[in-house]
Amino acid sequence: MKKIGIFRGLFDPITAAHLEAARHFRKKQRLDAVLFLCEKDGGIADGLARFLMVKKAIRPYRCLAITEKLTAVMGKEPAVLNESEQLKKKSEQVRKGDFSLLPACLRRDAIESGIYADPLVRNMVNEHRYRHSLSVASLSRDIAEAHHLDSRKAWLIGMYHDIAKGLSEQQTDDYIKIEKPYEFSYPQAVWHAWVGYYLLKHVYGMKDKEMLRAVRHHCLGDDGSPLGMIVYLADKLESGRGYDSSKEIELAKKDLKAAFELVHQQQADFLASKEKV
Ligand SMILES: [Fe+2]
Ligand SMILES: [Fe+2]
C-alpha cells in the first residue's frame with residue numbers, strides 16, 4: 001500500500017517555501033506522496049482561489065497532489081504536516097507585495113486576478129494614497145459599468161494605478177532610468193506612472209496590455225483607450241480630491257470621450273493658472 005502524508009494549511013497563498021517543505025516532509029517520512037489539504041475558511045483569498053493556486057503550483061511534481069477531504073486518503077493514520085508560522089509568514093510577505101516568494105507559475109494570475117490587490121496596495125503606499133486608490137478603483141468600476149465595459153479590470157487598474165507612489169526618490173530614480181530615461185524632462189510628480197507600469201510588468205509579471213497601458217498613461221492622460229480614459233477621469237474626479245466633481249462624473253458615465261476632453265481642458269487651465277501666480 002502507498003504511504004501518503006497530509007500537508008494541511010491555509011496556503012494563502014502557497015509559496016515556493018511550501019513546496020520545499022512538502023518535498024522535505026515526503027523525504028523525511030519516506031512517503032510515496034504528499035496530499036495538500038487546503039482549509040476552506042480563514043484566508044484573505046477565498047477557499048476556491050487558494051485551492052486552485054495550490055493545484056497549479058504542484059502540477060510539475062508527480063509526488064504532490066491535492067485533496068478536498070481527508071476521507072479521500074487511503075490506509076491507516078497518515079503522517080500530517082501542518083503549515084508552520086514561518087510558512088504563514090512567507091504567505092503574508094507575498095500578500096504584502098513580495099511576489100518573488102511565489103512559484104513562478106502563479107505570479108501573473110496573482111497580480112491580474114487582484115486576489116491580493118488590497119493588502120498589496122495597502123502595504124506599498126501610505127494611508128492617504130491607499131484611500132485614494134480605493135476611491136479611484138470604485139469610481140473606475142462605476143464608470144466602466146455605465147458603459148458595459150470590464151468593471152473588474154477597471155477596478156483593478158484603479159487599485160494599482162499609484163502603486164509606485166510609495167517608493168523613495170532614489171528607488172523611483174533607479175527605475176525611471178531603466179524604464180523611460182528620455183522623459184526625464186517631465187516633472188518628477190508624473191514619473192510614478194511609468195515606474196508603476198514597470199513594476200507591474202517586470203516585478204509582478206502582469207501581461208495584460210490593456211491594464212499596463214492604462215497605468216502607464218494615467219497621469220498625463222495620453223491614452224485614449226476606454227480603460228485609459230476611465231482611470232484618468234477617476235483619478236481626477238474621485239471624491240477625496242475635495243471639490244464637487246458630480247457633473248463631470250455624470251458626464252463620464254454618459255459620454256466618456258466628452259468627459260475626458262473636458263477634464264483634460266480643466267487640468268490644462270488649472271496648470272496655466274498656477275504658472276501665472
Ligand atoms: Fe498617479
Ligand atoms: Fe492617483
# chains A, B, ... in the order shown; residues from 1 in each chain; ligands from 1
call {"tool": "residues_around", "arguments": {"residues": "region 53-64 of chain A", "least_positions_apart": "6", "cutoff": "8 Å", "atoms": "only C-alpha atoms", "output": "short mmCIF file (atom, residue, chain, number, x, y, z; two decimals) with N, CA and C atoms, in the first residue's frame"}}
result
data_model
loop_
_atom_site.label_atom_id
_atom_site.label_comp_id
_atom_site.auth_asym_id
_atom_site.auth_seq_id
_atom_site.Cartn_x
_atom_site.Cartn_y
_atom_site.Cartn_z
N PHE A 11 -2.60 28.04 2.98
CA PHE A 11 -1.94 28.29 1.70
C PHE A 11 -2.48 29.59 1.08
N PRO A 13 -1.06 32.85 -0.01
CA PRO A 13 -1.10 31.76 -0.97
C PRO A 13 0.01 30.74 -0.70
N ILE A 14 0.01 29.68 -1.50
CA ILE A 14 1.12 28.73 -1.48
C ILE A 14 2.38 29.45 -1.99
N LEU A 19 6.32 24.47 -1.11
CA LEU A 19 6.66 23.34 -1.98
C LEU A 19 7.90 22.62 -1.45
N ALA A 22 7.00 20.58 1.58
CA ALA A 22 6.28 19.36 1.21
C ALA A 22 7.25 18.28 0.72
N ASP A 32 5.27 8.07 -0.25
CA ASP A 32 5.14 7.97 -1.70
C ASP A 32 4.59 9.27 -2.28
N ALA A 33 3.72 9.89 -1.50
CA ALA A 33 3.11 11.14 -2.00
C ALA A 33 2.67 12.02 -0.83
N VAL A 34 2.56 13.31 -1.11
CA VAL A 34 2.02 14.26 -0.12
C VAL A 34 0.76 14.87 -0.70
N LEU A 35 -0.30 14.82 0.10
CA LEU A 35 -1.57 15.40 -0.31
C LEU A 35 -1.77 16.74 0.39
N PHE A 36 -1.99 17.79 -0.38
CA PHE A 36 -2.28 19.09 0.22
C PHE A 36 -3.76 19.13 0.60
N PRO A 103 5.62 30.62 -6.39
CA PRO A 103 6.07 29.81 -7.53
C PRO A 103 5.84 30.64 -8.80
N CYS A 105 4.86 30.16 -11.70
CA CYS A 105 3.63 29.95 -12.49
C CYS A 105 2.42 30.67 -11.91
N LEU A 106 2.52 31.20 -10.71
CA LEU A 106 1.36 31.85 -10.09
C LEU A 106 1.41 33.38 -10.14
#
call {"tool": "closest_atom_pairs", "arguments": {"of": "chain A", "to": "ligand 2", "cutoff": "7 Å", "atoms": "only C-alpha atoms and all ligand atoms", "output": "CSV"}}
result
residue,atom,partner,partner_atom_place_in_ligand_line,distance
A:His132,CA,ligand 2,1 (Fe),6.6
A:Ser133,CA,ligand 2,1 (Fe),6.5
A:His161,CA,ligand 2,1 (Fe),6.4
A:Asp162,CA,ligand 2,1 (Fe),5.3
A:Asp235,CA,ligand 2,1 (Fe),4.9
call {"tool": "write_last_selection", "arguments": {"atoms": "N, CA, C and O atoms", "output": "tab-separated table (two decimals), in the first residue's frame"}}
result
chain	number	residue	atom	x	y	z
A	132	HIS	N	-7.12	56.85	-1.45
A	132	HIS	CA	-7.30	57.40	-2.81
A	132	HIS	C	-7.42	56.26	-3.82
A	132	HIS	O	-8.31	56.28	-4.68
A	133	SER	N	-6.59	55.24	-3.70
A	133	SER	CA	-6.61	54.10	-4.64
A	133	SER	C	-7.96	53.38	-4.56
A	133	SER	O	-8.53	53.01	-5.60
A	161	HIS	N	-3.08	51.87	-9.90
A	161	HIS	CA	-2.52	52.96	-10.71
A	161	HIS	C	-1.41	53.75	-10.00
A	161	HIS	O	-0.48	54.21	-10.65
A	162	ASP	N	-1.47	53.87	-8.68
A	162	ASP	CA	-0.45	54.64	-7.96
A	162	ASP	C	0.49	53.74	-7.16
A	162	ASP	O	1.07	54.17	-6.16
A	235	ASP	N	-9.18	59.17	-11.46
A	235	ASP	CA	-8.06	59.70	-10.68
A	235	ASP	C	-8.28	61.19	-10.38
A	235	ASP	O	-7.97	61.66	-9.28
call {"tool": "residues_near_ligand", "arguments": {"ligand": "ligand 1", "cutoff": "12 Å", "atoms": "only C-alpha atoms and all ligand atoms", "output": "number ranges by chain"}}
result
A: 125, 129-130, 132-133, 136, 157-166, 188-197, 214-221, 231-236
call {"tool": "write_last_selection", "arguments": {"atoms": "N, CA and C atoms", "output": "tab-separated table (two decimals), in the first residue's frame"}}
result
chain	number	residue	atom	x	y	z
A	125	VAL	N	1.80	51.70	-0.30
A	125	VAL	CA	1.66	53.17	-0.25
A	125	VAL	C	1.18	53.61	1.14
A	129	ARG	N	-2.79	57.55	0.35
A	129	ARG	CA	-2.74	57.05	-1.04
A	129	ARG	C	-3.57	55.77	-1.18
A	130	TYR	N	-3.58	54.98	-0.12
A	130	TYR	CA	-4.39	53.75	-0.15
A	130	TYR	C	-5.86	54.10	-0.27
A	132	HIS	N	-7.12	56.85	-1.45
A	132	HIS	CA	-7.30	57.40	-2.81
A	132	HIS	C	-7.42	56.26	-3.82
A	133	SER	N	-6.59	55.24	-3.70
A	133	SER	CA	-6.61	54.10	-4.64
A	133	SER	C	-7.96	53.38	-4.56
A	136	VAL	N	-10.49	55.64	-6.32
A	136	VAL	CA	-10.31	55.62	-7.79
A	136	VAL	C	-10.83	54.28	-8.34
A	157	ILE	N	-7.31	48.41	-12.15
A	157	ILE	CA	-6.40	49.48	-12.60
A	157	ILE	C	-6.44	50.63	-11.59
A	158	GLY	N	-7.64	50.91	-11.11
A	158	GLY	CA	-7.78	51.96	-10.09
A	158	GLY	C	-6.98	51.62	-8.85
A	159	MET	N	-7.02	50.37	-8.43
A	159	MET	CA	-6.25	49.94	-7.25
A	159	MET	C	-4.75	50.08	-7.50
A	160	TYR	N	-4.31	49.68	-8.67
A	160	TYR	CA	-2.86	49.61	-8.94
A	160	TYR	C	-2.25	50.91	-9.46
A	161	HIS	N	-3.08	51.87	-9.90
A	161	HIS	CA	-2.52	52.96	-10.71
A	161	HIS	C	-1.41	53.75	-10.00
A	162	ASP	N	-1.47	53.87	-8.68
A	162	ASP	CA	-0.45	54.64	-7.96
A	162	ASP	C	0.49	53.74	-7.16
A	163	ILE	N	0.65	52.52	-7.60
A	163	ILE	CA	1.42	51.53	-6.83
A	163	ILE	C	2.87	51.97	-6.58
A	164	ALA	N	3.39	52.84	-7.48
A	164	ALA	CA	4.79	53.26	-7.32
A	164	ALA	C	4.92	54.52	-6.47
A	165	LYS	N	3.81	55.05	-6.00
A	165	LYS	CA	3.86	56.30	-5.24
A	165	LYS	C	4.58	56.19	-3.91
A	166	GLY	N	4.64	54.96	-3.39
A	166	GLY	CA	5.26	54.81	-2.08
A	166	GLY	C	6.77	54.57	-2.14
A	188	GLN	N	8.98	65.31	-11.76
A	188	GLN	CA	9.10	64.03	-11.04
A	188	GLN	C	7.73	63.51	-10.57
A	189	ALA	N	6.78	64.43	-10.42
A	189	ALA	CA	5.44	64.04	-9.93
A	189	ALA	C	4.76	63.03	-10.86
A	190	VAL	N	5.14	63.02	-12.12
A	190	VAL	CA	4.45	62.09	-13.04
A	190	VAL	C	5.25	60.79	-13.29
A	191	TRP	N	6.44	60.71	-12.77
A	191	TRP	CA	7.27	59.52	-13.03
A	191	TRP	C	6.63	58.23	-12.51
A	192	HIS	N	5.85	58.36	-11.43
A	192	HIS	CA	5.32	57.15	-10.80
A	192	HIS	C	4.44	56.33	-11.76
A	193	ALA	N	3.88	57.00	-12.77
A	193	ALA	CA	3.03	56.26	-13.73
A	193	ALA	C	3.89	55.27	-14.53
A	194	TRP	N	5.04	55.72	-14.99
A	194	TRP	CA	5.93	54.83	-15.75
A	194	TRP	C	6.55	53.77	-14.84
A	195	VAL	N	6.91	54.21	-13.63
A	195	VAL	CA	7.52	53.25	-12.71
A	195	VAL	C	6.48	52.20	-12.29
A	196	GLY	N	5.25	52.64	-12.10
A	196	GLY	CA	4.17	51.70	-11.76
A	196	GLY	C	3.99	50.66	-12.87
A	197	TYR	N	4.02	51.13	-14.10
A	197	TYR	CA	3.93	50.23	-15.25
A	197	TYR	C	5.08	49.22	-15.21
A	214	ALA	N	-3.04	51.45	-19.40
A	214	ALA	CA	-3.84	52.41	-18.64
A	214	ALA	C	-3.07	52.95	-17.43
A	215	VAL	N	-2.29	52.09	-16.78
A	215	VAL	CA	-1.50	52.54	-15.63
A	215	VAL	C	-0.39	53.48	-16.11
A	216	ARG	N	0.26	53.09	-17.18
A	216	ARG	CA	1.39	53.86	-17.70
A	216	ARG	C	1.00	55.30	-18.07
A	217	HIS	N	-0.22	55.46	-18.58
A	217	HIS	CA	-0.62	56.78	-19.09
A	217	HIS	C	-1.60	57.51	-18.18
A	218	HIS	N	-1.82	57.00	-16.95
A	218	HIS	CA	-2.90	57.58	-16.15
A	218	HIS	C	-2.62	59.02	-15.72
A	219	CYS	N	-1.36	59.37	-15.62
A	219	CYS	CA	-1.02	60.69	-15.10
A	219	CYS	C	-1.23	61.80	-16.13
A	220	LEU	N	-0.68	61.58	-17.32
A	220	LEU	CA	-0.79	62.59	-18.36
A	220	LEU	C	-2.10	62.48	-19.13
A	221	GLY	N	-2.75	61.33	-19.01
A	221	GLY	CA	-4.00	61.14	-19.74
A	221	GLY	C	-3.74	61.09	-21.24
A	231	VAL	N	-9.57	55.47	-16.03
A	231	VAL	CA	-8.71	55.63	-14.85
A	231	VAL	C	-8.21	57.08	-14.74
A	232	TYR	N	-7.97	57.72	-15.88
A	232	TYR	CA	-7.56	59.13	-15.86
A	232	TYR	C	-8.66	59.98	-15.22
A	233	LEU	N	-9.89	59.75	-15.66
A	233	LEU	CA	-11.03	60.51	-15.12
A	233	LEU	C	-11.24	60.22	-13.63
A	234	ALA	N	-11.24	58.93	-13.28
A	234	ALA	CA	-11.49	58.56	-11.88
A	234	ALA	C	-10.41	59.13	-10.97
A	235	ASP	N	-9.18	59.17	-11.46
A	235	ASP	CA	-8.06	59.70	-10.68
A	235	ASP	C	-8.28	61.19	-10.38
A	236	LYS	N	-8.82	61.91	-11.34
A	236	LYS	CA	-9.01	63.35	-11.16
A	236	LYS	C	-10.33	63.69	-10.46
call {"tool": "atom_distance", "arguments": {"atom1": "CA of Gln170 (chain A)", "atom2": "CA of Glu127 (chain A)"}}
result
21.1 Å
call {"tool": "residues_around", "arguments": {"residues": "Pro78 (chain A)", "least_positions_apart": "3", "cutoff": "7 Å", "atoms": "only C-alpha atoms", "output": "compact mmCIF listing (two decimals) with all heavy atoms, in the first residue's frame"}}
result
# COMPACT_ATOMS: atom_id res chain seq x y z
N ILE A 4 1.08 7.65 2.31
CA ILE A 4 0.73 9.02 1.94
C ILE A 4 0.72 9.94 3.16
O ILE A 4 0.27 9.55 4.24
CB ILE A 4 -0.66 9.03 1.25
CG1 ILE A 4 -0.51 8.42 -0.15
CG2 ILE A 4 -1.23 10.45 1.12
CD1 ILE A 4 -1.77 8.15 -0.85
N GLY A 5 1.22 11.17 2.99
CA GLY A 5 1.20 12.16 4.08
C GLY A 5 0.29 13.32 3.71
O GLY A 5 0.02 13.57 2.53
N ILE A 6 -0.17 14.02 4.75
CA ILE A 6 -1.06 15.16 4.53
C ILE A 6 -0.33 16.45 4.89
O ILE A 6 0.29 16.54 5.95
CB ILE A 6 -2.31 15.06 5.45
CG1 ILE A 6 -3.08 13.78 5.20
CG2 ILE A 6 -3.22 16.28 5.29
CD1 ILE A 6 -3.79 13.73 3.89
call {"tool": "residues_around", "arguments": {"residues": "Ser151 (chain A)", "least_positions_apart": "4", "cutoff": "10 Å", "atoms": "only C-alpha atoms", "output": "list in words"}}
result
Ala137, Ser138, Leu139, Ser140, Arg141, Asp142, Ile143, Ala144, Glu145, Ala146, His147, Trp155, Leu156, Ile157 and Leu227 of chain A
call {"tool": "select_by_dssp", "arguments": {"residues": "region 10-210 of chain A", "states": "alpha helix (DSSP H)", "output": "MDAnalysis selection string"}}
result
chainID A and resid 16:28 47:58 85:95 104:113 117:124 127:146 151:160 169:179 191:198 209:210
call {"tool": "closest_residue", "arguments": {"among": "A:Phe99, A:Phe25, A:Phe7, A:Tyr243", "to": "Leu200 (chain A)", "atoms": "only C-alpha atoms"}}
result
A:Phe99
call {"tool": "atom_distance", "arguments": {"atom1": "CA of Ile44 (chain A)", "atom2": "CA of Lys96 (chain A)"}}
result
11.7 Å
call {"tool": "decode", "arguments": {"residues": "region 17-165 of chain A", "atoms": "C-alpha atoms", "output": "compact mmCIF listing (two decimals), in the first residue's frame"}}
result
# COMPACT_ATOMS: atom_id res chain seq x y z
CA ALA A 17 8.83 27.56 0.58
CA HIS A 18 5.64 25.49 0.97
CA LEU A 19 6.66 23.34 -1.98
CA GLU A 20 10.08 22.87 -0.47
CA ALA A 21 8.53 21.93 2.90
CA ALA A 22 6.28 19.36 1.21
CA ARG A 23 9.20 17.73 -0.57
CA HIS A 24 11.29 17.68 2.60
CA PHE A 25 8.34 16.13 4.51
CA ARG A 26 8.00 13.40 1.88
CA LYS A 27 11.68 12.58 2.05
CA LYS A 28 11.89 12.60 5.84
CA GLN A 29 8.79 10.44 6.31
CA ARG A 30 9.66 8.21 3.32
CA LEU A 31 6.28 8.90 1.76
CA ASP A 32 5.14 7.97 -1.70
CA ALA A 33 3.11 11.14 -2.00
CA VAL A 34 2.02 14.26 -0.12
CA LEU A 35 -1.57 15.40 -0.31
CA PHE A 36 -2.28 19.09 0.22
CA LEU A 37 -5.39 19.73 2.27
CA CYS A 38 -6.45 23.33 1.80
CA GLU A 39 -8.60 24.74 4.62
CA LYS A 40 -11.73 26.33 3.25
CA ASP A 41 -12.19 29.24 5.66
CA GLY A 42 -9.98 31.84 7.25
CA GLY A 43 -7.90 33.17 4.38
CA ILE A 44 -7.72 36.59 2.74
CA ALA A 45 -8.34 34.86 -0.59
CA ASP A 46 -11.38 32.58 -0.72
CA GLY A 47 -11.01 28.82 -0.37
CA LEU A 48 -11.54 28.00 -4.03
CA ALA A 49 -8.96 30.54 -5.21
CA ARG A 50 -6.37 29.15 -2.77
CA PHE A 51 -7.21 25.58 -3.77
CA LEU A 52 -6.72 26.42 -7.46
CA MET A 53 -3.40 28.12 -6.77
CA VAL A 54 -2.11 25.03 -4.94
CA LYS A 55 -3.35 22.81 -7.75
CA LYS A 56 -1.46 24.84 -10.34
CA ALA A 57 1.71 25.15 -8.23
CA ILE A 58 2.06 21.40 -7.62
CA ARG A 59 1.33 20.39 -11.22
CA PRO A 60 5.02 19.83 -12.09
CA TYR A 61 5.55 17.47 -9.12
CA ARG A 62 4.39 13.87 -9.53
CA CYS A 63 4.64 13.14 -5.81
CA LEU A 64 2.41 16.06 -4.78
CA ALA A 65 -1.38 16.11 -5.06
CA ILE A 66 -4.33 17.94 -3.60
CA THR A 67 -7.48 16.73 -1.91
CA GLU A 68 -10.63 18.35 -0.61
CA LYS A 69 -11.40 15.77 2.09
CA LEU A 70 -9.29 13.66 4.41
CA THR A 71 -11.58 10.69 3.76
CA ALA A 72 -10.05 10.53 0.33
CA VAL A 73 -6.85 9.27 1.94
CA MET A 74 -6.38 5.51 1.77
CA GLY A 75 -4.82 3.43 4.52
CA LYS A 76 -4.26 3.99 8.24
CA GLU A 77 -3.32 7.19 10.14
CA PRO A 78 -1.35 9.33 7.67
CA ALA A 79 1.60 11.47 8.71
CA VAL A 80 0.49 15.10 8.98
CA LEU A 81 2.42 18.29 8.38
CA ASN A 82 0.70 21.49 9.50
CA GLU A 83 1.54 24.79 7.85
CA SER A 84 4.03 26.41 10.22
CA GLU A 85 4.01 30.01 11.42
CA GLN A 86 7.14 30.54 9.36
CA LEU A 87 5.36 29.42 6.20
CA LYS A 88 2.34 31.58 7.04
CA LYS A 89 4.76 34.49 7.32
CA LYS A 90 6.01 33.76 3.79
CA SER A 91 2.42 33.91 2.53
CA GLU A 92 1.95 37.21 4.34
CA GLN A 93 5.06 38.59 2.66
CA VAL A 94 3.56 37.67 -0.72
CA ARG A 95 0.27 39.37 0.14
CA LYS A 96 2.25 42.48 1.06
CA GLY A 97 3.94 42.53 -2.30
CA ASP A 98 6.93 40.16 -2.37
CA PHE A 99 5.87 38.06 -5.35
CA SER A 100 9.39 36.64 -5.67
CA LEU A 101 8.32 34.13 -2.99
CA LEU A 102 5.54 32.76 -5.20
CA PRO A 103 6.07 29.81 -7.53
CA ALA A 104 6.73 31.50 -10.90
CA CYS A 105 3.63 29.95 -12.49
CA LEU A 106 1.36 31.85 -10.09
CA ARG A 107 2.75 35.36 -10.39
CA ARG A 108 0.74 36.53 -13.37
CA ASP A 109 -2.52 35.08 -12.02
CA ALA A 110 -1.93 36.65 -8.63
CA ILE A 111 -1.46 40.17 -9.97
CA GLU A 112 -4.08 40.04 -12.74
CA SER A 113 -6.81 38.42 -10.66
CA GLY A 114 -6.36 41.10 -7.99
CA ILE A 115 -6.69 38.44 -5.33
CA TYR A 116 -4.26 40.32 -3.08
CA ALA A 117 -4.68 43.80 -4.59
CA ASP A 118 -5.98 45.26 -1.34
CA PRO A 119 -3.23 44.12 1.09
CA LEU A 120 -0.58 44.70 -1.57
CA VAL A 121 -1.56 48.33 -2.24
CA ARG A 122 -2.16 48.97 1.46
CA ASN A 123 1.43 47.89 2.14
CA MET A 124 3.03 49.66 -0.84
CA VAL A 125 1.66 53.17 -0.25
CA ASN A 126 0.72 55.39 2.69
CA GLU A 127 -2.77 55.51 4.23
CA HIS A 128 -3.84 58.59 2.26
CA ARG A 129 -2.74 57.05 -1.04
CA TYR A 130 -4.39 53.75 -0.15
CA ARG A 131 -7.72 55.53 0.49
CA HIS A 132 -7.30 57.40 -2.81
CA SER A 133 -6.61 54.10 -4.64
CA LEU A 134 -9.78 52.54 -3.19
CA SER A 135 -11.78 55.55 -4.25
CA VAL A 136 -10.31 55.62 -7.79
CA ALA A 137 -10.97 51.87 -8.08
CA SER A 138 -14.59 52.26 -7.02
CA LEU A 139 -15.28 55.19 -9.37
CA SER A 140 -13.47 53.43 -12.26
CA ARG A 141 -15.71 50.41 -11.73
CA ASP A 142 -18.86 52.59 -11.72
CA ILE A 143 -17.90 54.40 -14.92
CA ALA A 144 -16.98 51.10 -16.63
CA GLU A 145 -20.31 49.58 -15.61
CA ALA A 146 -22.18 52.54 -17.07
CA HIS A 147 -20.54 51.77 -20.42
CA HIS A 148 -20.82 47.96 -20.13
CA LEU A 149 -17.03 47.67 -20.06
CA ASP A 150 -14.93 45.26 -17.97
CA SER A 151 -15.64 46.65 -14.50
CA ARG A 152 -13.32 44.15 -12.76
CA LYS A 153 -10.36 45.34 -14.81
CA ALA A 154 -11.35 48.97 -14.30
CA TRP A 155 -11.47 48.43 -10.53
CA LEU A 156 -8.08 46.73 -10.59
CA ILE A 157 -6.40 49.48 -12.60
CA GLY A 158 -7.78 51.96 -10.09
CA MET A 159 -6.25 49.94 -7.25
CA TYR A 160 -2.86 49.61 -8.94
CA HIS A 161 -2.52 52.96 -10.71
CA ASP A 162 -0.45 54.64 -7.96
CA ILE A 163 1.42 51.53 -6.83
CA ALA A 164 4.79 53.26 -7.32
CA LYS A 165 3.86 56.30 -5.24
